[in-house]
Amino acid sequence: MLENKRILMIIGGGIAAYKSLELIRRLQDKGASVRAILTEGGSQFITPLSVSSLTGDKCYTDLFSLTDEAEMGHIRLSREADLLLVCPATADLMASMAHGLARDLASTALLATDKPVMICPSMNVQMWQHPATQRNVGTLRKDGIIQIGPEDGDMACGEVGSGRLAEVPNIVAAVEDFFRAAEAQPLAGRHALVTAGPTWEAIDPVRYIANHSSGRQGYAIAEALARLGARTTLVSGPTNLAAPAGVETINITSARDMEAACHGALPADIAICVAAVADWRVDSEAQSKVKKDGGAPPSLTLVENPDILAGLCNAGNKRPALVIGFAAETDNVVDYATAKRKRKGCDWIVANDVSPATGIMGGENNRVHLISEQSCEDWAEGAKDDVARQLADRIAAHFESQEAAQ
């Protein structure tokens, strides 16, 4: 997929800069040609010599080098690539991109390019979660910048949380997916509807019923479908995730909000109900905070929430051609999911084990079983992005086989 592809890597100033050296090698192993711009901050962690030794080309560093401008100007450098890959993308570098600054060779090349840009953020967890950084991330997404990571984990500063650079194999896979989608978009012209995250069912103005869903799997699926060309609508419950690039995102709170948003988004060719919708809500939401007065706890009367998956399966002439449900189970995973598929009337159902022993609910990985009327496929455990790509590819193959049979 990367054979003869030209990638301009921009290496920001963070401890994760050392991983860019491995990334260069892995991209070259896949057939890509890599040039690199090393920022001043990046040069505090790795040297221009190490970069140029791996790329086999000059390591570009200085905006005002007359030799570079004569032989390889910043505009030419940024436009001769098929993709600009910023790794690591620091908070400062992303701020420059979001505000259109041109302070050095890296930011100038990013401003001057007419080619797609992919960023791999890496920074301290507090820097990543800071409202200013999140505003900049939102701006970059709206500008069409593709974002890979960050991931959760241990950091060089000793803290743990989101902000860790995505693993090199995941970045390589994302680059491959980008070029695959750019060359062939088998879902172009189709509309996909995806639900994600939990729903919050209010008890009173300050309390609610919810679950541990992070929304990661649904967001990853929406992004994977968009990369294959589908016009994608994501209906999301409350999460801490940034909206996927190129996806229309509708934020909701309750199950009834989600049901209304889903039916409002129809017609669609594909519907994938990934959201962990609360099964019940309080029959009568209190309008004021329920006070703890030392007596018995309040008695809550629960009523069943609308069944969004079944409703889409029975939407008459607005029923999507392919409806896929998700079944998160703690016991008898395949049996319960198989029964759920028949009961709801969906075409496929994706079952995953979320028992406490797996640690999967809300985590980074997933292990699923794809169940249809004809078969049950056991997929190996992998990152949720990998599960999303595999499912998106299966959906594309399904429609291609239908078209071939006509």
# chains A, B, ... in the order shown; residues from 1 in each chain; ligands from 1

call {"tool": "select_by_dssp", "arguments": {"residues": "stretch 115-326 of chain A", "states": "helix (DSSP H, G or I)", "output": "ChimeraX atom specification"}}
result
/A:125-129,131-142,168-183,216-227,255-265,308-313,316-318

call {"tool": "residues_around", "arguments": {"residues": "A:Gly325", "least_positions_apart": "5", "cutoff": "12 Å", "atoms": "only C-alpha atoms", "output": "ChimeraX atom specification"}}
result
/A:193-196,218,270-277,307-313,337-352,369-372

call {"tool": "residues_around", "arguments": {"residues": "A:Gly363", "least_positions_apart": "6", "cutoff": "9 Å", "atoms": "only C-alpha atoms", "output": "list in words"}}
result
Ser213, Ser214, Arg216 and Lys384 of chain A

call {"tool": "write_last_selection", "arguments": {"atoms": "C-alpha atoms", "output": "PDB file, in the first residue's frame"}}
result
ATOM      1  CA  SER A 213     -18.893   2.847  27.874  1.00  0.00           C
ATOM      2  CA  SER A 214     -16.089   5.124  26.617  1.00  0.00           C
ATOM      3  CA  ARG A 216     -14.059   4.519  21.578  1.00  0.00           C
ATOM      4  CA  LYS A 384     -10.524  -0.951  18.766  1.00  0.00           C
TER       5      LYS A 384
END

call {"tool": "closest_residue", "arguments": {"among": "A:Gln185, A:Ser20, A:Gln406, A:Thr90", "to": "A:Gly41", "atoms": "only C-alpha atoms"}}
result
A:Thr90

call {"tool": "closest_residue", "arguments": {"among": "A:Glu364, A:Asp257, A:Ser107, A:Asn211", "to": "A:Pro150", "atoms": "only C-alpha atoms"}}
result
A:Glu364

call {"tool": "closest_residue", "arguments": {"among": "A:Pro306, A:Gly382, A:Pro297, A:Gly246", "to": "A:Ala260", "atoms": "only C-alpha atoms"}}
result
A:Pro306

call {"tool": "closest_residue", "arguments": {"among": "A:Asp386, A:Glu151, A:Glu80, A:Asp279", "to": "A:Leu241", "atoms": "only C-alpha atoms"}}
result
A:Glu151

call {"tool": "closest_atom_pairs", "arguments": {"of": "stretch 224-343 of chain A", "to": "stretch 167-178 of chain A", "cutoff": "9 Å", "atoms": "only C-alpha atoms", "output": "tab-separated table"}}
result
residue	atom	partner	partner_atom	distance
A:Ala224	CA	A:Asp177	CA	8.6
A:Arg227	CA	A:Phe178	CA	7.0
A:Leu228	CA	A:Asp177	CA	8.9

call {"tool": "write_last_selection", "arguments": {"atoms": "N, CA and C atoms", "output": "PDB file, in the first residue's frame"}}
result
ATOM      1  N   ALA A 224     -13.582   4.868  10.486  1.00  0.00           N
ATOM      2  CA  ALA A 224     -13.196   3.877   9.487  1.00  0.00           C
ATOM      3  C   ALA A 224     -14.146   3.899   8.295  1.00  0.00           C
ATOM      4  N   ARG A 227     -13.418   6.921   6.142  1.00  0.00           N
ATOM      5  CA  ARG A 227     -12.204   6.747   5.334  1.00  0.00           C
ATOM      6  C   ARG A 227     -12.475   5.918   4.084  1.00  0.00           C
ATOM      7  N   LEU A 228     -13.483   5.069   4.135  1.00  0.00           N
ATOM      8  CA  LEU A 228     -13.847   4.278   2.957  1.00  0.00           C
ATOM      9  C   LEU A 228     -14.856   4.998   2.078  1.00  0.00           C
TER      10      LEU A 228
END

call {"tool": "decode", "arguments": {"residues": "stretch 60-110 of chain A", "atoms": "N, CA and C atoms", "output": "PDB file, in the first residue's frame"}}
result
ATOM      1  N   TYR A  60      16.029  18.359   6.958  1.00  0.00           N
ATOM      2  CA  TYR A  60      15.743  19.780   6.788  1.00  0.00           C
ATOM      3  C   TYR A  60      15.426  20.406   8.140  1.00  0.00           C
ATOM      4  N   THR A  61      16.070  21.527   8.436  1.00  0.00           N
ATOM      5  CA  THR A  61      15.922  22.139   9.757  1.00  0.00           C
ATOM      6  C   THR A  61      15.699  23.644   9.709  1.00  0.00           C
ATOM      7  N   ASP A  62      16.297  24.341   8.751  1.00  0.00           N
ATOM      8  CA  ASP A  62      16.377  25.806   8.805  1.00  0.00           C
ATOM      9  C   ASP A  62      15.557  26.442   7.690  1.00  0.00           C
ATOM     10  N   LEU A  63      14.603  27.282   8.055  1.00  0.00           N
ATOM     11  CA  LEU A  63      13.766  27.961   7.076  1.00  0.00           C
ATOM     12  C   LEU A  63      14.568  28.913   6.205  1.00  0.00           C
ATOM     13  N   PHE A  64      15.616  29.518   6.785  1.00  0.00           N
ATOM     14  CA  PHE A  64      16.334  30.570   6.070  1.00  0.00           C
ATOM     15  C   PHE A  64      17.684  30.123   5.529  1.00  0.00           C
ATOM     16  N   SER A  65      17.833  28.810   5.313  1.00  0.00           N
ATOM     17  CA  SER A  65      19.053  28.337   4.677  1.00  0.00           C
ATOM     18  C   SER A  65      18.960  28.616   3.184  1.00  0.00           C
ATOM     19  N   LEU A  66      19.860  29.471   2.667  1.00  0.00           N
ATOM     20  CA  LEU A  66      19.799  29.828   1.247  1.00  0.00           C
ATOM     21  C   LEU A  66      20.018  28.617   0.366  1.00  0.00           C
ATOM     22  N   THR A  67      20.867  27.687   0.809  1.00  0.00           N
ATOM     23  CA  THR A  67      21.106  26.486   0.008  1.00  0.00           C
ATOM     24  C   THR A  67      19.827  25.668  -0.104  1.00  0.00           C
ATOM     25  N   ASP A  68      19.178  25.476   1.022  1.00  0.00           N
ATOM     26  CA  ASP A  68      17.935  24.705   0.997  1.00  0.00           C
ATOM     27  C   ASP A  68      16.888  25.393   0.145  1.00  0.00           C
ATOM     28  N   GLU A  69      16.796  26.730   0.255  1.00  0.00           N
ATOM     29  CA  GLU A  69      15.776  27.442  -0.499  1.00  0.00           C
ATOM     30  C   GLU A  69      16.055  27.376  -1.996  1.00  0.00           C
ATOM     31  N   ALA A  70      17.317  27.301  -2.367  1.00  0.00           N
ATOM     32  CA  ALA A  70      17.646  27.196  -3.787  1.00  0.00           C
ATOM     33  C   ALA A  70      17.379  25.790  -4.311  1.00  0.00           C
ATOM     34  N   GLU A  71      17.739  24.799  -3.491  1.00  0.00           N
ATOM     35  CA  GLU A  71      17.623  23.423  -3.959  1.00  0.00           C
ATOM     36  C   GLU A  71      16.278  22.778  -3.620  1.00  0.00           C
ATOM     37  N   MET A  72      15.717  23.153  -2.463  1.00  0.00           N
ATOM     38  CA  MET A  72      14.486  22.526  -2.010  1.00  0.00           C
ATOM     39  C   MET A  72      13.735  23.529  -1.141  1.00  0.00           C
ATOM     40  N   GLY A  73      13.013  24.453  -1.745  1.00  0.00           N
ATOM     41  CA  GLY A  73      12.268  25.454  -0.999  1.00  0.00           C
ATOM     42  C   GLY A  73      11.175  24.832  -0.158  1.00  0.00           C
ATOM     43  N   HIS A  74      10.735  25.588   0.864  1.00  0.00           N
ATOM     44  CA  HIS A  74       9.753  25.017   1.780  1.00  0.00           C
ATOM     45  C   HIS A  74       8.432  24.707   1.078  1.00  0.00           C
ATOM     46  N   ILE A  75       8.079  25.497   0.048  1.00  0.00           N
ATOM     47  CA  ILE A  75       6.834  25.215  -0.674  1.00  0.00           C
ATOM     48  C   ILE A  75       6.978  23.930  -1.474  1.00  0.00           C
ATOM     49  N   ARG A  76       8.076  23.806  -2.172  1.00  0.00           N
ATOM     50  CA  ARG A  76       8.304  22.587  -2.950  1.00  0.00           C
ATOM     51  C   ARG A  76       8.394  21.372  -2.028  1.00  0.00           C
ATOM     52  N   LEU A  77       9.086  21.548  -0.904  1.00  0.00           N
ATOM     53  CA  LEU A  77       9.238  20.446   0.044  1.00  0.00           C
ATOM     54  C   LEU A  77       7.885  19.949   0.527  1.00  0.00           C
ATOM     55  N   SER A  78       6.967  20.868   0.816  1.00  0.00           N
ATOM     56  CA  SER A  78       5.663  20.486   1.356  1.00  0.00           C
ATOM     57  C   SER A  78       4.723  19.949   0.299  1.00  0.00           C
ATOM     58  N   ARG A  79       4.974  20.276  -0.964  1.00  0.00           N
ATOM     59  CA  ARG A  79       4.025  19.878  -2.006  1.00  0.00           C
ATOM     60  C   ARG A  79       4.481  18.692  -2.834  1.00  0.00           C
ATOM     61  N   GLU A  80       5.726  18.275  -2.667  1.00  0.00           N
ATOM     62  CA  GLU A  80       6.176  17.090  -3.383  1.00  0.00           C
ATOM     63  C   GLU A  80       5.836  15.812  -2.631  1.00  0.00           C
ATOM     64  N   ALA A  81       5.301  15.949  -1.436  1.00  0.00           N
ATOM     65  CA  ALA A  81       4.906  14.777  -0.647  1.00  0.00           C
ATOM     66  C   ALA A  81       3.468  14.399  -0.967  1.00  0.00           C
ATOM     67  N   ASP A  82       3.134  13.141  -0.725  1.00  0.00           N
ATOM     68  CA  ASP A  82       1.746  12.685  -0.825  1.00  0.00           C
ATOM     69  C   ASP A  82       1.025  12.861   0.506  1.00  0.00           C
ATOM     70  N   LEU A  83       1.786  12.926   1.602  1.00  0.00           N
ATOM     71  CA  LEU A  83       1.217  13.075   2.940  1.00  0.00           C
ATOM     72  C   LEU A  83       2.242  13.751   3.837  1.00  0.00           C
ATOM     73  N   LEU A  84       1.793  14.697   4.658  1.00  0.00           N
ATOM     74  CA  LEU A  84       2.627  15.276   5.701  1.00  0.00           C
ATOM     75  C   LEU A  84       2.253  14.605   7.017  1.00  0.00           C
ATOM     76  N   LEU A  85       3.234  14.042   7.700  1.00  0.00           N
ATOM     77  CA  LEU A  85       3.016  13.286   8.927  1.00  0.00           C
ATOM     78  C   LEU A  85       3.764  13.968  10.060  1.00  0.00           C
ATOM     79  N   VAL A  86       3.053  14.522  11.030  1.00  0.00           N
ATOM     80  CA  VAL A  86       3.655  15.234  12.150  1.00  0.00           C
ATOM     81  C   VAL A  86       3.754  14.270  13.325  1.00  0.00           C
ATOM     82  N   CYS A  87       4.978  13.892  13.675  1.00  0.00           N
ATOM     83  CA  CYS A  87       5.180  12.887  14.723  1.00  0.00           C
ATOM     84  C   CYS A  87       6.508  13.120  15.443  1.00  0.00           C
ATOM     85  N   PRO A  88       6.489  13.466  16.723  1.00  0.00           N
ATOM     86  CA  PRO A  88       5.288  13.741  17.511  1.00  0.00           C
ATOM     87  C   PRO A  88       4.762  15.150  17.247  1.00  0.00           C
ATOM     88  N   ALA A  89       3.442  15.294  17.399  1.00  0.00           N
ATOM     89  CA  ALA A  89       2.816  16.607  17.303  1.00  0.00           C
ATOM     90  C   ALA A  89       2.684  17.153  18.720  1.00  0.00           C
ATOM     91  N   THR A  90       3.488  18.146  19.044  1.00  0.00           N
ATOM     92  CA  THR A  90       3.475  18.726  20.388  1.00  0.00           C
ATOM     93  C   THR A  90       2.331  19.731  20.514  1.00  0.00           C
ATOM     94  N   ALA A  91       2.035  20.131  21.745  1.00  0.00           N
ATOM     95  CA  ALA A  91       0.998  21.139  21.983  1.00  0.00           C
ATOM     96  C   ALA A  91       1.344  22.437  21.263  1.00  0.00           C
ATOM     97  N   ASP A  92       2.616  22.820  21.281  1.00  0.00           N
ATOM     98  CA  ASP A  92       3.043  24.061  20.636  1.00  0.00           C
ATOM     99  C   ASP A  92       2.893  23.977  19.123  1.00  0.00           C
ATOM    100  N   LEU A  93       3.284  22.859  18.553  1.00  0.00           N
ATOM    101  CA  LEU A  93       3.195  22.709  17.101  1.00  0.00           C
ATOM    102  C   LEU A  93       1.736  22.688  16.645  1.00  0.00           C
ATOM    103  N   MET A  94       0.871  22.022  17.405  1.00  0.00           N
ATOM    104  CA  MET A  94      -0.550  22.002  17.046  1.00  0.00           C
ATOM    105  C   MET A  94      -1.167  23.388  17.197  1.00  0.00           C
ATOM    106  N   ALA A  95      -0.720  24.147  18.199  1.00  0.00           N
ATOM    107  CA  ALA A  95      -1.214  25.514  18.361  1.00  0.00           C
ATOM    108  C   ALA A  95      -0.819  26.374  17.163  1.00  0.00           C
ATOM    109  N   SER A  96       0.412  26.205  16.693  1.00  0.00           N
ATOM    110  CA  SER A  96       0.858  26.943  15.504  1.00  0.00           C
ATOM    111  C   SER A  96       0.013  26.588  14.294  1.00  0.00           C
ATOM    112  N   MET A  97      -0.275  25.306  14.129  1.00  0.00           N
ATOM    113  CA  MET A  97      -1.092  24.865  12.998  1.00  0.00           C
ATOM    114  C   MET A  97      -2.505  25.433  13.092  1.00  0.00           C
ATOM    115  N   ALA A  98      -3.088  25.371  14.294  1.00  0.00           N
ATOM    116  CA  ALA A  98      -4.472  25.813  14.467  1.00  0.00           C
ATOM    117  C   ALA A  98      -4.625  27.312  14.213  1.00  0.00           C
ATOM    118  N   HIS A  99      -3.576  28.078  14.533  1.00  0.00           N
ATOM    119  CA  HIS A  99      -3.663  29.540  14.397  1.00  0.00           C
ATOM    120  C   HIS A  99      -2.952  30.061  13.154  1.00  0.00           C
ATOM    121  N   GLY A 100      -2.466  29.147  12.300  1.00  0.00           N
ATOM    122  CA  GLY A 100      -1.872  29.570  11.035  1.00  0.00           C
ATOM    123  C   GLY A 100      -0.560  30.300  11.176  1.00  0.00           C
ATOM    124  N   LEU A 101       0.233  29.962  12.195  1.00  0.00           N
ATOM    125  CA  LEU A 101       1.525  30.607  12.381  1.00  0.00           C
ATOM    126  C   LEU A 101       2.581  29.963  11.486  1.00  0.00           C
ATOM    127  N   ALA A 102       3.562  30.768  11.102  1.00  0.00           N
ATOM    128  CA  ALA A 102       4.668  30.288  10.261  1.00  0.00           C
ATOM    129  C   ALA A 102       5.966  30.772  10.882  1.00  0.00           C
ATOM    130  N   ARG A 103       6.370  30.108  11.970  1.00  0.00           N
ATOM    131  CA  ARG A 103       7.499  30.593  12.767  1.00  0.00           C
ATOM    132  C   ARG A 103       8.815  29.917  12.440  1.00  0.00           C
ATOM    133  N   ASP A 104       8.734  28.765  11.768  1.00  0.00           N
ATOM    134  CA  ASP A 104       9.940  28.002  11.446  1.00  0.00           C
ATOM    135  C   ASP A 104       9.649  27.169  10.212  1.00  0.00           C
ATOM    136  N   LEU A 105      10.595  26.339   9.837  1.00  0.00           N
ATOM    137  CA  LEU A 105      10.414  25.548   8.621  1.00  0.00           C
ATOM    138  C   LEU A 105       9.222  24.606   8.742  1.00  0.00           C
ATOM    139  N   ALA A 106       9.051  23.983   9.897  1.00  0.00           N
ATOM    140  CA  ALA A 106       7.966  23.018  10.069  1.00  0.00           C
ATOM    141  C   ALA A 106       6.599  23.684   9.929  1.00  0.00           C
ATOM    142  N   SER A 107       6.357  24.747  10.681  1.00  0.00           N
ATOM    143  CA  SER A 107       5.049  25.403  10.633  1.00  0.00           C
ATOM    144  C   SER A 107       4.804  26.073   9.287  1.00  0.00           C
ATOM    145  N   THR A 108       5.874  26.577   8.659  1.00  0.00           N
ATOM    146  CA  THR A 108       5.726  27.194   7.335  1.00  0.00           C
ATOM    147  C   THR A 108       5.354  26.136   6.286  1.00  0.00           C
ATOM    148  N   ALA A 109       6.017  24.993   6.330  1.00  0.00           N
ATOM    149  CA  ALA A 109       5.690  23.918   5.392  1.00  0.00           C
ATOM    150  C   ALA A 109       4.250  23.447   5.580  1.00  0.00           C
ATOM    151  N   LEU A 110       3.802  23.358   6.827  1.00  0.00           N
ATOM    152  CA  LEU A 110       2.430  22.928   7.093  1.00  0.00           C
ATOM    153  C   LEU A 110       1.422  23.951   6.592  1.00  0.00           C
TER     154      LEU A 110
END
